[in-house]
>>> print(open('protein_17.pdb').read())   # PDB, C-alpha atoms
ATOM      1  CA  MET Q 960       8.339   0.911 -13.998
ATOM      2  CA  ILE Q 961       6.653   0.215 -10.683
ATOM      3  CA  ASN Q 962       8.177  -2.529  -8.568
ATOM      4  CA  PRO Q 963       5.599  -5.369  -8.620
ATOM      5  CA  VAL Q 964       6.412  -6.470  -5.049
ATOM      6  CA  LEU Q 965       5.725  -2.977  -3.728
ATOM      7  CA  LEU Q 966       2.541  -2.744  -5.788
ATOM      8  CA  ARG Q 967       1.349  -6.102  -4.445
ATOM      9  CA  SER Q 968       1.901  -4.902  -0.874
ATOM     10  CA  PHE Q 969      -0.008  -1.697  -1.610
ATOM     11  CA  CYS Q 970      -2.960  -3.456  -3.262
ATOM     12  CA  THR Q 971      -3.162  -6.008  -0.456
ATOM     13  CA  LEU Q 972      -3.158  -3.221   2.123
ATOM     14  CA  VAL Q 973      -5.985  -1.441   0.311
ATOM     15  CA  GLU Q 974      -8.033  -4.635   0.058
ATOM     16  CA  VAL Q 975      -7.490  -5.743   3.655
ATOM     17  CA  GLY Q 976      -7.539  -2.262   5.176
ATOM     18  CA  HIS Q 977      -5.108  -3.064   7.979
ATOM     19  CA  PHE Q 978      -1.300  -3.162   8.131
ATOM     20  CA  THR Q 979      -1.043  -6.180  10.466
ATOM     21  CA  ARG Q 980      -3.535  -8.327   8.565
ATOM     22  CA  SER Q 981      -1.897  -7.375   5.263
ATOM     23  CA  ALA Q 982       1.462  -8.383   6.693
ATOM     24  CA  ASP Q 983       0.032 -11.722   7.824
ATOM     25  CA  ARG Q 984      -1.397 -12.368   4.376
ATOM     26  CA  LEU Q 985       1.961 -11.607   2.704
ATOM     27  CA  ASN Q 986       4.109 -13.321   5.361
ATOM     28  CA  MET Q 987       5.731 -10.022   6.297
ATOM     29  CA  THR Q 988       5.856  -7.717   9.295
ATOM     30  CA  PRO Q 989       3.639  -4.627   9.572
ATOM     31  CA  SER Q 990       6.762  -2.464   9.459
ATOM     32  CA  GLY Q 991       7.763  -4.236   6.234
ATOM     33  CA  ILE Q 992       4.416  -3.310   4.671
ATOM     34  CA  SER Q 993       4.852   0.275   5.845
ATOM     35  CA  GLN Q 994       8.350   0.363   4.381
ATOM     36  CA  HIS Q 995       7.048  -0.935   1.034
ATOM     37  CA  ILE Q 996       4.417   1.816   0.964
ATOM     38  CA  ARG Q 997       7.024   4.494   1.767
ATOM     39  CA  LYS Q 998       9.321   3.170  -0.985
ATOM     40  CA  LEU Q 999       6.460   3.157  -3.477
ATOM     41  CA  GLU Q1000       5.507   6.718  -2.510
ATOM     42  CA  ALA Q1001       9.142   7.795  -2.922
ATOM     43  CA  GLN Q1002       9.385   6.072  -6.298
ATOM     44  CA  LEU Q1003       6.219   7.800  -7.519
ATOM     45  CA  GLY Q1004       6.966  11.127  -5.840
ATOM     46  CA  GLN Q1005       3.545  11.417  -4.212
ATOM     47  CA  ASP Q1006       1.645  10.285  -1.145
ATOM     48  CA  LEU Q1007      -0.654   7.319  -1.637
ATOM     49  CA  LEU Q1008      -2.129   7.181   1.863
ATOM     50  CA  ILE Q1009      -3.338   9.664   4.413
ATOM     51  CA  ARG Q1010      -2.270   8.044   7.658
ATOM     52  CA  GLU Q1011      -4.537   8.566  10.659
ATOM     53  CA  GLY Q1012      -2.977   6.655  13.542
ATOM     54  CA  LYS Q1013      -3.383   2.995  12.694
ATOM     55  CA  GLN Q1014      -5.961   3.758  10.026
ATOM     56  CA  PHE Q1015      -5.547   5.281   6.585
ATOM     57  CA  THR Q1016      -7.466   6.608   3.627
ATOM     58  CA  LEU Q1017      -6.320   6.720   0.034
ATOM     59  CA  THR Q1018      -5.253   9.922  -1.651
ATOM     60  CA  ASP Q1019      -6.464  10.532  -5.189
ATOM     61  CA  ALA Q1020      -3.124   9.190  -6.424
ATOM     62  CA  GLY Q1021      -3.517   6.119  -4.216
ATOM     63  CA  GLN Q1022      -6.988   5.453  -5.586
ATOM     64  CA  ARG Q1023      -5.754   5.749  -9.192
ATOM     65  CA  LEU Q1024      -2.794   3.451  -8.510
ATOM     66  CA  TYR Q1025      -5.015   0.839  -6.908
ATOM     67  CA  VAL Q1026      -7.430   0.850  -9.856
ATOM     68  CA  GLU Q1027      -4.574   0.645 -12.360
ATOM     69  CA  GLY Q1028      -2.655  -1.897 -10.266
ATOM     70  CA  LYS Q1029      -5.549  -4.327 -10.254
ATOM     71  CA  ILE Q1030      -5.777  -4.463 -14.055
TER      72      ILE Q1030
END
>>> encode(input="protein_17.pdb", output="structure tokens")
Amino acid sequence: MINPVLLRSFCTLVEVGHFTRSADRLNMTPSGISQHIRKLEAQLGQDLLIREGKQFTLTDAGQRLYVEGKI
């Protein structure tokens, strides 16, 4: 089962599109958001984001998780 706290961090990041603003919204630090994403990727055994500096795009797995996570 997916940890709901990690999933919430992931979905917020996707919606906001920025680590710092996501952290502000969830009362966390940007590194905390990043750590949640890494833990979720480790739990699922696949990358969810393609990191490009401070920006990111979703992998196919990330897109599927976001769609399923919002239901």
>>> residues_around(input="protein_17.pdb", residues="region 995-1011 of chain Q", least_positions_apart="3", cutoff="6 Å", atoms="only C-alpha atoms", output="list in words")
Leu965, Ile992, Gln1014, Phe1015, Thr1016, Leu1017, Thr1018, Ala1020 and Gly1021 of chain Q
>>> atom_distance(input="protein_17.pdb", atom1="CA of Met960 (chain Q)", atom2="CA of His977 (chain Q)")
26.1 Å
>>> resolve_selection(input="protein_17.pdb", expression="the PyMOL selection byres ((chain Q and resi 971) around 10)", output="ChimeraX atom specification")
/Q:965-970,972-978,980-982,984-985,992,1025
>>> atom_distance(input="protein_17.pdb", atom1="CA of Ile961 (chain Q)", atom2="CA of Asp983 (chain Q)")
23.0 Å
>>> atom_distance(input="protein_17.pdb", atom1="CA of Leu1024 (chain Q)", atom2="CA of Pro989 (chain Q)")
20.8 Å
>>> axis_aligned_box(input="protein_17.pdb", around="region 1011-1017 of chain Q", padding_each_side="6 Å", output="AutoDock Vina command-line options")
--center_x -5.2 --center_y 5.8 --center_z 6.8 --size_x 16.5 --size_y 17.6 --size_z 25.5
